[in-house]
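Colleague: Data file entry-v7.cif (mmCIF, C-alpha atoms) is appended below.
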data_run
#
loop_
_atom_site.label_atom_id
_atom_site.label_comp_id
_atom_site.auth_asym_id
_atom_site.auth_seq_id
_atom_site.Cartn_x
_atom_site.Cartn_y
_atom_site.Cartn_z
CA MET A 168 22.04 -116.40 39.44
CA SER A 169 20.57 -113.56 37.46
CA ASP A 170 21.38 -114.92 34.04
CA TRP A 171 19.61 -118.22 33.88
CA PRO A 172 19.58 -119.32 30.27
CA LEU A 173 15.85 -120.16 30.25
CA SER A 174 14.56 -116.71 29.40
CA ARG A 175 17.08 -116.44 26.59
CA LEU A 176 16.03 -119.77 25.14
CA ASP A 177 14.72 -119.95 21.59
CA PRO A 178 10.89 -119.46 21.78
CA ALA A 179 10.24 -122.87 20.23
CA LEU A 180 12.52 -124.59 22.75
CA HIS A 181 10.99 -122.53 25.56
CA MET A 182 7.56 -123.73 24.53
CA LEU A 183 8.74 -127.31 24.27
CA PHE A 184 10.38 -127.12 27.69
CA TRP A 185 7.34 -125.78 29.57
CA SER A 186 4.86 -127.96 27.68
CA ALA A 187 6.94 -131.05 28.46
CA ALA A 188 7.35 -129.92 32.08
CA THR A 189 3.58 -129.46 32.41
CA VAL A 190 2.81 -132.88 30.95
CA ALA A 191 5.51 -134.51 33.08
CA CYS A 192 4.27 -132.89 36.31
CA TYR A 193 0.71 -133.89 35.42
CA LEU A 194 1.59 -137.52 34.69
CA LEU A 195 3.70 -137.80 37.81
CA SER A 196 1.05 -136.29 40.07
CA LYS A 197 -1.58 -138.54 38.50
CA ARG A 198 0.52 -141.56 39.37
CA ILE A 199 1.12 -140.33 42.92
CA TYR A 200 -2.59 -139.59 43.37
CA ARG A 201 -3.48 -143.10 42.24
CA LYS A 202 -1.29 -144.45 45.02
CA TRP A 203 -2.25 -141.95 47.72
CA PRO A 204 -5.68 -140.49 46.91
CA LYS A 205 -5.47 -137.48 49.27
CA TRP A 206 -7.41 -134.41 48.15
CA TRP A 207 -4.34 -132.16 48.25
CA LEU A 208 -2.48 -134.57 45.98
CA THR A 209 -5.04 -134.31 43.16
CA PRO A 210 -3.32 -133.49 39.81
CA LEU A 211 -5.11 -130.14 39.78
CA ALA A 212 -3.32 -129.10 42.98
CA ALA A 213 -0.05 -131.04 42.95
CA ALA A 214 0.93 -130.45 39.30
CA PRO A 215 0.53 -126.64 39.43
CA ALA A 216 2.36 -126.58 42.79
CA ALA A 217 5.31 -128.47 41.30
CA LEU A 218 5.35 -126.12 38.29
CA ILE A 219 5.30 -123.06 40.54
CA VAL A 220 8.34 -124.40 42.38
CA ALA A 221 10.04 -125.04 39.03
CA ALA A 222 9.19 -121.51 37.86
CA LEU A 223 10.52 -119.99 41.09
CA VAL A 224 13.75 -121.98 40.94
CA LEU A 225 14.27 -121.04 37.29
CA LYS A 226 13.20 -117.44 37.98
CA GLU A 227 10.52 -117.60 35.33
CA ASP A 228 7.59 -115.22 35.08
CA TYR A 229 4.17 -116.87 35.06
CA ARG A 230 3.39 -114.89 31.96
CA ASP A 231 6.28 -116.48 30.08
CA TYR A 232 5.14 -119.86 31.33
CA PHE A 233 1.59 -119.24 30.21
CA HIS A 234 2.78 -118.01 26.84
CA SER A 235 4.53 -121.34 26.30
CA ALA A 236 2.17 -123.89 27.86
CA GLY A 237 -1.17 -122.06 27.52
CA TRP A 238 -2.01 -123.87 24.29
CA LEU A 239 -2.92 -126.91 26.41
CA LEU A 240 -5.96 -124.94 27.55
CA ALA A 241 -7.26 -124.92 23.97
CA LEU A 242 -7.56 -128.72 24.13
CA LEU A 243 -10.61 -128.23 26.37
CA GLY A 244 -12.42 -127.49 23.09
CA PRO A 245 -11.95 -130.95 21.54
CA ALA A 246 -12.48 -132.45 25.02
CA THR A 247 -15.98 -130.94 24.87
CA VAL A 248 -16.53 -132.63 21.50
CA ALA A 249 -15.53 -135.90 23.18
CA PHE A 250 -18.50 -135.54 25.58
CA ALA A 251 -20.66 -136.68 22.65
CA VAL A 252 -19.50 -140.29 23.08
CA PRO A 253 -20.61 -140.89 26.70
CA ILE A 254 -23.81 -138.89 26.09
CA TYR A 255 -24.55 -141.11 23.07
CA GLU A 256 -23.83 -144.24 25.07
CA GLN A 257 -26.21 -143.16 27.85
CA ARG A 258 -28.87 -141.77 25.48
CA ALA A 259 -31.61 -144.15 26.65
CA LEU A 260 -31.14 -143.12 30.29
CA ILE A 261 -30.96 -139.43 29.42
CA ARG A 262 -34.05 -139.58 27.20
CA ARG A 263 -35.95 -141.25 30.01
CA HIS A 264 -34.88 -138.85 32.76
CA TRP A 265 -34.45 -135.51 31.01
CA PRO A 266 -37.13 -133.68 33.07
CA VAL A 267 -35.26 -134.61 36.27
CA LEU A 268 -31.99 -133.33 34.85
CA LEU A 269 -33.64 -130.15 33.59
CA ALA A 270 -35.03 -129.46 37.07
CA GLY A 271 -31.57 -129.98 38.56
CA MET A 272 -30.02 -127.61 36.01
CA VAL A 273 -32.55 -124.84 36.61
CA VAL A 274 -32.28 -125.12 40.41
CA GLY A 275 -28.48 -125.37 40.24
CA SER A 276 -28.11 -122.34 37.95
CA LEU A 277 -30.40 -120.21 40.09
CA VAL A 278 -28.60 -121.18 43.30
CA ALA A 279 -25.21 -120.59 41.65
CA MET A 280 -26.04 -117.08 40.51
CA ALA A 281 -28.04 -116.07 43.59
CA THR A 282 -25.45 -117.27 46.11
CA SER A 283 -22.42 -115.97 44.18
CA TRP A 284 -23.99 -112.58 43.76
CA GLY A 285 -25.55 -112.48 47.24
CA LEU A 286 -22.45 -113.64 49.12
CA ALA A 287 -20.26 -111.23 47.17
CA ALA A 288 -22.61 -108.39 48.10
CA ALA A 289 -22.78 -109.51 51.74
CA LEU A 290 -18.99 -109.52 51.99
CA GLY A 291 -18.85 -106.02 50.58
CA LEU A 292 -17.19 -106.82 47.26
CA SER A 293 -17.53 -104.17 44.56
CA GLY A 294 -20.38 -104.24 42.06
CA VAL A 295 -18.13 -105.30 39.20
CA LEU A 296 -16.74 -108.18 41.27
CA GLN A 297 -20.26 -109.25 42.23
CA LEU A 298 -21.29 -109.40 38.59
CA SER A 299 -18.03 -111.10 37.56
CA LEU A 300 -18.58 -113.78 40.20
CA THR A 301 -22.22 -114.44 39.23
CA PRO A 302 -21.63 -116.77 36.22
CA ARG A 303 -18.55 -118.51 37.74
CA SER A 304 -19.96 -122.04 37.87
CA MET A 305 -20.32 -122.44 34.08
CA SER A 306 -17.51 -123.52 31.79
CA THR A 307 -15.20 -120.71 30.69
CA PRO A 308 -16.50 -119.71 27.23
CA PHE A 309 -20.10 -119.56 28.44
CA ALA A 310 -19.20 -117.84 31.70
CA MET A 311 -17.20 -115.14 29.89
CA GLN A 312 -20.05 -114.57 27.46
CA VAL A 313 -22.62 -114.18 30.25
CA SER A 314 -20.25 -112.05 32.34
CA GLY A 315 -19.83 -109.55 29.51
CA GLU A 316 -23.57 -109.32 28.98
CA ILE A 317 -24.53 -108.72 32.60
CA GLY A 318 -21.79 -106.11 33.13
CA GLY A 319 -18.97 -108.12 34.69
CA ILE A 320 -15.37 -108.36 33.47
CA PRO A 321 -15.00 -111.56 31.39
CA ASP A 322 -11.27 -111.94 32.19
CA LEU A 323 -11.96 -111.84 35.93
CA THR A 324 -14.79 -114.32 35.49
CA ALA A 325 -12.39 -116.71 33.73
CA ILE A 326 -10.20 -116.70 36.85
CA PHE A 327 -13.18 -117.39 39.12
CA VAL A 328 -14.24 -120.22 36.82
CA VAL A 329 -10.86 -121.90 37.19
CA MET A 330 -10.96 -121.49 40.98
CA THR A 331 -14.44 -123.00 41.00
CA GLY A 332 -13.17 -125.98 39.02
CA VAL A 333 -10.15 -126.62 41.23
CA PHE A 334 -12.06 -126.41 44.51
CA GLY A 335 -15.32 -127.78 43.11
CA ALA A 336 -13.79 -131.11 42.15
CA VAL A 337 -12.56 -131.53 45.74
CA ILE A 338 -15.77 -130.22 47.35
CA GLY A 339 -17.83 -132.52 45.15
CA GLU A 340 -15.99 -135.61 46.27
CA PHE A 341 -16.32 -134.47 49.89
CA LEU A 342 -20.09 -133.92 49.54
CA LEU A 343 -20.55 -137.20 47.72
CA ALA A 344 -19.08 -139.07 50.68
CA ARG A 345 -21.51 -137.31 53.05
CA MET A 346 -24.74 -137.11 51.08
CA ASN A 347 -26.76 -140.24 50.63
CA LEU A 348 -27.40 -139.93 46.88
CA ARG A 349 -29.14 -142.95 45.42
CA SER A 350 -29.02 -142.09 41.74
CA ALA A 351 -26.01 -141.74 39.47
CA LEU A 352 -27.97 -138.91 37.82
CA ALA A 353 -27.72 -136.83 41.00
CA ARG A 354 -24.02 -137.56 41.40
CA GLY A 355 -23.35 -136.54 37.80
CA ALA A 356 -25.50 -133.41 37.97
CA LEU A 357 -23.70 -132.34 41.16
CA PHE A 358 -20.39 -132.21 39.30
CA GLY A 359 -21.66 -130.88 35.97
CA VAL A 360 -23.64 -127.98 37.41
CA GLY A 361 -21.26 -127.24 40.29
CA ALA A 362 -17.78 -127.55 38.79
CA HIS A 363 -18.01 -127.61 34.95
CA GLY A 364 -15.12 -129.38 33.14
CA ALA A 365 -12.93 -130.08 36.15
CA GLY A 366 -15.94 -131.61 37.89
CA THR A 367 -16.80 -133.61 34.79
CA ALA A 368 -13.29 -135.07 34.72
CA LYS A 369 -13.81 -136.15 38.32
CA ALA A 370 -17.27 -137.53 37.53
CA HIS A 371 -15.75 -139.72 34.80
CA GLN A 372 -13.43 -141.23 37.40
CA ILE A 373 -16.41 -142.05 39.59
CA GLY A 374 -18.56 -143.78 36.99
CA GLN A 375 -19.68 -143.93 33.36
CA VAL A 376 -23.20 -142.68 33.98
CA GLU A 377 -21.94 -139.94 36.32
CA GLY A 378 -19.45 -138.78 33.69
CA ALA A 379 -21.98 -138.77 30.85
CA VAL A 380 -24.59 -136.88 32.89
CA SER A 381 -22.01 -134.38 34.14
CA GLY A 382 -20.77 -133.62 30.62
CA LEU A 383 -24.28 -133.21 29.24
CA VAL A 384 -25.48 -131.07 32.11
CA MET A 385 -22.39 -128.87 31.98
CA VAL A 386 -22.94 -128.05 28.31
CA LEU A 387 -26.70 -127.57 28.69
CA VAL A 388 -26.33 -125.30 31.74
CA GLY A 389 -23.96 -123.14 29.71
CA LEU A 390 -26.39 -122.95 26.79
CA LEU A 391 -29.34 -122.28 29.10
CA ASN A 392 -27.52 -119.39 30.75
CA VAL A 393 -26.28 -117.82 27.54
CA LEU A 394 -29.88 -117.85 26.30
CA ALA A 395 -31.10 -116.38 29.59
CA ALA A 396 -28.32 -113.78 29.83
CA PRO A 397 -30.17 -110.88 28.15
CA ALA A 398 -33.08 -111.28 30.58
CA LEU A 399 -30.65 -111.63 33.46
CA ALA A 400 -28.81 -108.49 32.40
CA HIS A 401 -32.09 -106.60 32.46
CA PHE A 402 -32.70 -107.81 36.01
CA LEU A 403 -29.19 -107.21 37.38
CA ARG A 404 -28.41 -103.84 35.84
CA MET B 247 -14.72 -156.43 -4.33
CA THR B 248 -11.52 -154.45 -3.94
CA ALA B 249 -13.45 -151.32 -3.04
CA ARG B 250 -15.12 -153.24 -0.26
CA ARG B 251 -11.81 -154.59 0.97
CA ILE B 252 -10.38 -151.10 1.07
CA ARG B 253 -13.39 -149.90 3.01
CA ILE B 254 -13.07 -152.71 5.54
CA THR B 255 -9.34 -152.10 5.96
CA PHE B 256 -10.00 -148.40 6.38
CA ARG B 257 -12.67 -149.00 9.01
CA HIS B 258 -10.42 -151.43 10.83
CA PHE B 259 -7.67 -148.82 10.82
CA ILE B 260 -9.92 -146.10 12.25
CA HIS B 261 -11.40 -148.39 14.90
CA HIS B 262 -7.96 -149.28 16.18
CA SER B 263 -6.01 -146.05 15.88
CA ARG B 264 -6.46 -143.74 18.84
CA LEU B 265 -4.45 -141.04 17.11
CA VAL B 266 -6.75 -140.97 14.06
CA GLN B 267 -9.76 -140.73 16.37
CA ILE B 268 -8.18 -137.85 18.28
CA GLY B 269 -7.63 -136.21 14.89
CA LEU B 270 -11.29 -136.73 14.00
CA ILE B 271 -12.40 -135.11 17.27
CA VAL B 272 -10.06 -132.16 16.79
CA ALA B 273 -11.39 -131.78 13.22
CA LEU B 274 -14.99 -131.67 14.53
CA TRP B 275 -13.96 -129.02 17.06
CA PHE B 276 -12.36 -126.98 14.27
CA VAL B 277 -15.43 -127.27 12.03
CA GLY B 278 -17.64 -126.34 15.00
CA GLY B 279 -15.58 -123.23 15.60
CA GLN B 280 -15.78 -122.24 11.94
CA ILE B 281 -19.57 -122.70 11.91
CA GLY B 282 -19.88 -120.62 15.07
CA LYS B 283 -17.76 -117.88 13.55
CA ALA B 284 -19.62 -117.90 10.23
CA LEU B 285 -23.04 -117.72 11.90
CA GLN B 286 -21.79 -115.43 14.69
CA LEU B 287 -23.24 -117.70 17.37
CA PRO B 288 -22.42 -116.98 21.04
CA ILE B 289 -21.71 -120.72 21.44
CA PRO B 290 -18.16 -122.13 21.74
CA GLY B 291 -16.82 -124.27 18.89
CA GLY B 292 -16.46 -127.29 21.17
CA VAL B 293 -20.19 -127.32 21.90
CA ILE B 294 -21.12 -127.01 18.21
CA GLY B 295 -18.58 -129.76 17.47
CA MET B 296 -20.16 -131.91 20.18
CA SER B 297 -23.61 -131.42 18.62
CA LEU B 298 -22.17 -132.40 15.22
CA ALA B 299 -20.59 -135.50 16.75
CA LEU B 300 -23.91 -136.45 18.39
CA VAL B 301 -25.78 -136.01 15.09
CA LEU B 302 -23.17 -138.14 13.29
CA LEU B 303 -23.44 -140.87 15.94
CA MET B 304 -27.26 -140.84 15.97
CA THR B 305 -27.59 -140.95 12.18
CA GLY B 306 -24.91 -143.61 11.84
CA GLY B 307 -22.67 -141.31 9.81
CA VAL B 308 -19.86 -142.22 12.19
CA SER B 309 -19.86 -145.40 14.25
CA LEU B 310 -19.25 -145.31 17.98
CA PHE B 311 -16.04 -147.29 17.59
CA SER B 312 -14.58 -144.65 15.29
CA MET B 313 -14.61 -142.16 18.15
CA LYS B 314 -14.64 -144.11 21.39
CA ARG B 315 -10.90 -144.57 21.88
CA GLY B 316 -10.12 -140.97 21.04
CA ALA B 317 -12.91 -139.63 23.24
CA ASP B 318 -11.85 -141.82 26.17
CA TRP B 319 -8.37 -140.35 25.93
CA PHE B 320 -9.66 -136.77 26.04
CA LEU B 321 -11.93 -137.51 28.98
CA ALA B 322 -9.24 -139.33 30.95
CA GLU B 323 -6.64 -136.58 30.52
CA MET B 324 -8.93 -133.55 30.76
CA LEU B 325 -7.39 -132.29 34.00
CA LEU B 326 -4.07 -131.77 32.20
CA PHE B 327 -5.65 -129.02 30.12
CA PHE B 328 -6.61 -127.12 33.29
CA VAL B 329 -3.10 -127.13 34.77
CA PRO B 330 -1.79 -124.04 32.90
CA ALA B 331 -5.01 -122.20 33.78
CA VAL B 332 -4.38 -122.75 37.50
CA LEU B 333 -0.96 -121.15 37.16
CA GLY B 334 -2.61 -118.30 35.28
CA VAL B 335 -4.79 -117.60 38.34
CA LEU B 336 -1.70 -117.27 40.51
CA ASP B 337 -0.46 -114.46 38.30
CA HIS B 338 -3.13 -112.20 39.78
CA ARG B 339 -1.32 -110.77 42.77
CA GLU B 340 -4.17 -108.32 43.44
CA PHE B 341 -6.13 -111.25 44.83
CA LEU B 342 -3.55 -112.07 47.47
CA GLY B 343 -4.77 -110.88 50.86
CA LEU B 344 -8.19 -110.11 52.27
CA LEU B 345 -9.88 -109.54 48.92
CA GLY B 346 -8.70 -112.95 47.72
CA LEU B 347 -9.94 -114.60 50.89
CA LYS B 348 -13.37 -113.03 50.47
CA ILE B 349 -13.56 -114.19 46.86
CA LEU B 350 -12.46 -117.65 47.92
CA ALA B 351 -15.16 -117.72 50.60
CA VAL B 352 -17.82 -116.77 48.02
CA ILE B 353 -16.64 -119.48 45.65
CA LEU B 354 -16.39 -122.22 48.29
CA LEU B 355 -19.71 -121.50 50.01
CA SER B 356 -21.59 -120.98 46.78
CA THR B 357 -20.16 -124.18 45.26
CA VAL B 358 -21.26 -126.21 48.31
CA ALA B 359 -24.75 -124.71 48.01
CA VAL B 360 -24.99 -125.31 44.25
CA MET B 361 -23.80 -128.90 44.44
CA ALA B 362 -25.96 -129.83 47.41
CA MET B 363 -29.12 -128.22 45.98
CA THR B 364 -28.63 -129.66 42.50
CA ALA B 365 -27.96 -133.17 43.75
CA LEU B 366 -30.86 -133.08 46.23
CA THR B 367 -33.28 -131.82 43.60
CA VAL B 368 -32.30 -134.52 41.11
CA ASP B 369 -32.23 -137.27 43.71
CA LEU B 370 -35.59 -136.36 45.24
CA ILE B 371 -37.40 -136.11 41.90
CA PHE B 372 -35.70 -139.29 40.72
CA ARG B 373 -36.81 -141.26 43.79
CA TRP B 374 -40.30 -139.81 43.58
CA SER B 375 -40.71 -140.71 39.92
CA GLU B 376 -39.31 -144.21 40.46
CA LYS B 377 -41.85 -144.78 43.23
CA HIS B 378 -44.71 -143.56 41.06
CA GLU B 379 -43.61 -145.76 38.19
CA ARG B 380 -43.57 -148.75 40.48
CA LEU B 381 -47.03 -147.92 41.80
CA ALA B 382 -48.41 -147.35 38.32
CA SER B 383 -47.14 -150.63 36.93
#
Taking this structure as input, can you express it in the form of structure tokens?

Modeller:
Amino acid sequence: MSDWPLSRLDPALHMLFWSAATVACYLLSKRIYRKWPKWWLTPLAAAPAALIVAALVLKEDYRDYFHSAGWLLALLGPATVAFAVPIYEQRALIRRHWPVLLAGMVVGSLVAMATSWGLAAALGLSGVLQLSLTPRSMSTPFAMQVSGEIGGIPDLTAIFVVMTGVFGAVIGEFLLARMNLRSALARGALFGVGAHGAGTAKAHQIGQVEGAVSGLVMVLVGLLNVLAAPALAHFLR
Amino acid sequence: MTARRIRITFRHFIHHSRLVQIGLIVALWFVGGQIGKALQLPIPGGVIGMSLALVLLMTGGVSLFSMKRGADWFLAEMLLFFVPAVLGVLDHREFLGLLGLKILAVILLSTVAVMAMTALTVDLIFRWSEKHERLAS
């Protein structure tokens, strides 16, 4: 069992194998989720679980996996560019209601940082962990930027951002079913401020306006926080 | 006349090819990244690319139908791009155990608070402003 051929595969083939496996697991879990929409069957939970099983069976290190399939992560960049289309389509609504959205973003950012930092301190986590958790609700590039400026460890923050996305998409759906939210703006802002890109993907499944608002709010919250980071650093350090 | 024909054929081609539109979006992302690097902005290339795309759409430099199909694809499949990142998290064995549980608790509780407060703020102000608009008109 110790000499599985996978680790000795040509790097290009190795990359092809794990990229194809990732896409296949994703597509399969998406199809299953469409049929049985249980929260634990969401593609963000089921696809990684299937890949972990595959990696264990093939005795692969996660690092080797990540080396081969990590390029998919870079596609979040062009996905952000794609936000322009729904934002453009909903421009009349956004122009009309921007003060409401701005209020939601400011409140959401403050609650995100205060509760992350406060809860981490209350649970006795170390100072560096507290600071690394503080910007976790923004999308990765922004969160890492802010984390570095306020004295956290950007790489740790990136992990917390992913965890926020995975759980946030589920929590958001759960809250949506229990809160009586009248406006699509509120439903979109909930996902965009609370769970960045993963939440925005969910918001797009819920509705066009929700998706557009979530994408816009996610980007603006990131920008807002990067601009505010120097002041924040002064306060936190 | 032939120049016009070529232009119409070209536009038709772009409006119908998802792959070309995906290429256009990736190109905007790349240009955004280069601009960010050149100006040393602390803003990711995707966000600069998004701003460029918005400007192009607003000014009519690019029509909505030259991007819509490509953008819809990216938005529909966005969760795929997160899948490797989730496996990356599992590489951190130091977070297995009590420390990991504490971190998880912070993330879960804080996310509930953020989402609830954000949504309530937006919904309350939205309802309030709708009511005032109705009263004013």

Colleague: Any idea which chain A residues end up within 6 Å of chain B if we count all atoms listed in the file, as a PyMOL selection string please?

Modeller: chain A and resi 215+237+239-240+244-249+251+267+271+275+278-279+282-283+286+326+353+357+361

Colleague: Excluding Leu383 (chain A) and residues on its chain fewer than 6 positions from it, collect all residues at most 9 Å away from it, counting all atoms listed in the file, and give them as a list of chain:residue names.

Modeller: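 Everything that qualifies: A:Phe250, A:Ala251, A:Pro253, A:Ile254, A:Ala356, A:Gly359.
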
Colleague: Hey, can you check how far CA of Val384 (chain A) sits from CA of Ala370 (chain A)?

Modeller: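 Taking CA of Val384 (chain A) and CA of Ala370 (chain A), their separation equals 11.8 Å.
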
Colleague: Show which residues sit within 10 Å of Gly374 (chain A), as an mmCIF file with C-alpha atoms, keeping the file's coordinate frame. Count all atoms listed in the file, and ignore same-chain residues fewer than 4 positions away.

Modeller:
data_model
loop_
_atom_site.group_PDB
_atom_site.id
_atom_site.type_symbol
_atom_site.label_atom_id
_atom_site.label_comp_id
_atom_site.auth_asym_id
_atom_site.auth_seq_id
_atom_site.Cartn_x
_atom_site.Cartn_y
_atom_site.Cartn_z
ATOM 1 C CA ALA A 351 -26.010 -141.740 39.470
ATOM 2 C CA ARG A 354 -24.020 -137.560 41.400
ATOM 3 C CA GLY A 355 -23.350 -136.540 37.800
ATOM 4 C CA LYS A 369 -13.810 -136.150 38.320
ATOM 5 C CA ALA A 370 -17.270 -137.530 37.530
ATOM 6 C CA GLY A 378 -19.450 -138.780 33.690
ATOM 7 C CA ALA A 379 -21.980 -138.770 30.850
#

Colleague: From the options B:Lys377, B:Phe259, B:Ala284, B:Leu344, which residue's atoms come nearest to Gly291 (chain A), counting only C-alpha atoms?

Modeller: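 Checking each of B:Lys377, B:Phe259, B:Ala284, B:Leu344 against Gly291 (chain A), counting only C-alpha atoms, the winner is B:Leu344.
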
Colleague: Using only C-alpha atoms, which residues sit within 10 Å of Asp231 (chain A) once same-chain residues fewer than 5 positions away are excluded, as an NGL selection string?

Modeller: :A and (174 or 178 or 181-182 or 185 or 222 or 236-237)

Colleague: Please expand the PyMOL selection byres ((chain A and resi 324) around 7) into the concrete residues it hits in this file, giving the result as an MDAnalysis selection string.

Modeller: chainID A and resid 299:300 303 310:311 314 320:323 325:328

Colleague: Residue by residue, what does the PyMOL selection byres ((chain A and resi 316) around 9) grab here? Present the result as a ChimeraX atom specification.

Modeller: /A:311-315,317-319,396-397,399-400

Colleague: Point out the residue among A:Phe358, A:Ala212, A:Gln257, A:Ala188 with the least atom-to-atom distance to Tyr200 (chain A), counting only C-alpha atoms.

Modeller: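 Ranking A:Phe358, A:Ala212, A:Gln257, A:Ala188 by distance to Tyr200 (chain A), first place goes to A:Ala212.
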
Colleague: Name the residues in contact with region 333-340 of chain A at a cut-off of 6 Å, using all atoms listed in the file, excluding same-chain residues fewer than 2 positions from it; report them as a list in words.

Modeller: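 In the requested form, the answer reads Met330, Thr331, Leu342, Leu343, Ala362 and Gly366 of chain A.
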
Colleague: Do you have the CA of Phe341 (chain A)-CA of Lys202 (chain A) distance handy?

Modeller: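 The value is 18.7 Å.
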
Colleague: Kindly list the centre and edge lengths in Å, rounded to one decimal, for the axis-aligned box that covers all listed atoms of region 369-378 of chain B plus 3 Å on each of its six sides, as AutoDock Vina command-line options.

Modeller:
--center_x -38.5 --center_y -140.4 --center_z 42.6 --size_x 18.5 --size_y 14.7 --size_z 11.3

Colleague: Calculate how many Å separate CA of Thr301 (chain A) from CA of Trp284 (chain A), rounding to one decimal.

Modeller: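 So the answer is 5.2 Å.
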
Colleague: Quick one: region 187-202 of chain A with N, CA, C and O atoms, as a CSV table (one decimal), keeping the file's coordinate frame?

Modeller:
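Saved the output as result_29.csv:
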chain,number,residue,atom,x,y,z
A,187,ALA,N,6.5,-129.7,28.0
A,187,ALA,CA,6.9,-131.0,28.5
A,187,ALA,C,6.9,-131.1,30.0
A,187,ALA,O,6.5,-132.1,30.6
A,188,ALA,N,7.3,-130.0,30.6
A,188,ALA,CA,7.4,-129.9,32.1
A,188,ALA,C,5.9,-130.1,32.6
A,188,ALA,O,5.7,-130.8,33.6
A,189,THR,N,5.0,-129.4,32.0
A,189,THR,CA,3.6,-129.5,32.4
A,189,THR,C,3.0,-130.9,32.3
A,189,THR,O,2.4,-131.4,33.2
A,190,VAL,N,3.3,-131.5,31.2
A,190,VAL,CA,2.8,-132.9,31.0
A,190,VAL,C,3.5,-133.8,31.9
A,190,VAL,O,2.8,-134.7,32.6
A,191,ALA,N,4.8,-133.6,32.2
A,191,ALA,CA,5.5,-134.5,33.1
A,191,ALA,C,5.0,-134.4,34.5
A,191,ALA,O,4.7,-135.4,35.2
A,192,CYS,N,4.8,-133.1,35.0
A,192,CYS,CA,4.3,-132.9,36.3
A,192,CYS,C,2.9,-133.5,36.5
A,192,CYS,O,2.5,-134.1,37.5
A,193,TYR,N,2.1,-133.4,35.4
A,193,TYR,CA,0.7,-133.9,35.4
A,193,TYR,C,0.7,-135.4,35.5
A,193,TYR,O,0.1,-136.0,36.4
A,194,LEU,N,1.5,-136.1,34.7
A,194,LEU,CA,1.6,-137.5,34.7
A,194,LEU,C,2.1,-138.1,36.0
A,194,LEU,O,1.6,-139.0,36.6
A,195,LEU,N,3.1,-137.4,36.5
A,195,LEU,CA,3.7,-137.8,37.8
A,195,LEU,C,2.7,-137.7,38.9
A,195,LEU,O,2.5,-138.6,39.7
A,196,SER,N,2.0,-136.5,39.0
A,196,SER,CA,1.0,-136.3,40.1
A,196,SER,C,-0.1,-137.2,39.9
A,196,SER,O,-0.7,-137.7,40.9
A,197,LYS,N,-0.5,-137.6,38.7
A,197,LYS,CA,-1.6,-138.5,38.5
A,197,LYS,C,-1.2,-139.9,39.1
A,197,LYS,O,-2.0,-140.6,39.7
A,198,ARG,N,0.0,-140.3,38.9
A,198,ARG,CA,0.5,-141.6,39.4
A,198,ARG,C,0.6,-141.6,40.9
A,198,ARG,O,0.1,-142.5,41.6
A,199,ILE,N,1.0,-140.4,41.5
A,199,ILE,CA,1.1,-140.3,42.9
A,199,ILE,C,-0.3,-140.4,43.5
A,199,ILE,O,-0.5,-141.1,44.5
A,200,TYR,N,-1.2,-139.7,42.9
A,200,TYR,CA,-2.6,-139.6,43.4
A,200,TYR,C,-3.2,-141.0,43.3
A,200,TYR,O,-4.1,-141.3,44.2
A,201,ARG,N,-2.9,-141.8,42.3
A,201,ARG,CA,-3.5,-143.1,42.2
A,201,ARG,C,-3.0,-143.9,43.4
A,201,ARG,O,-3.8,-144.8,43.9
A,202,LYS,N,-1.8,-143.7,43.9
A,202,LYS,CA,-1.3,-144.4,45.0
A,202,LYS,C,-1.8,-143.9,46.4
A,202,LYS,O,-2.2,-144.7,47.2
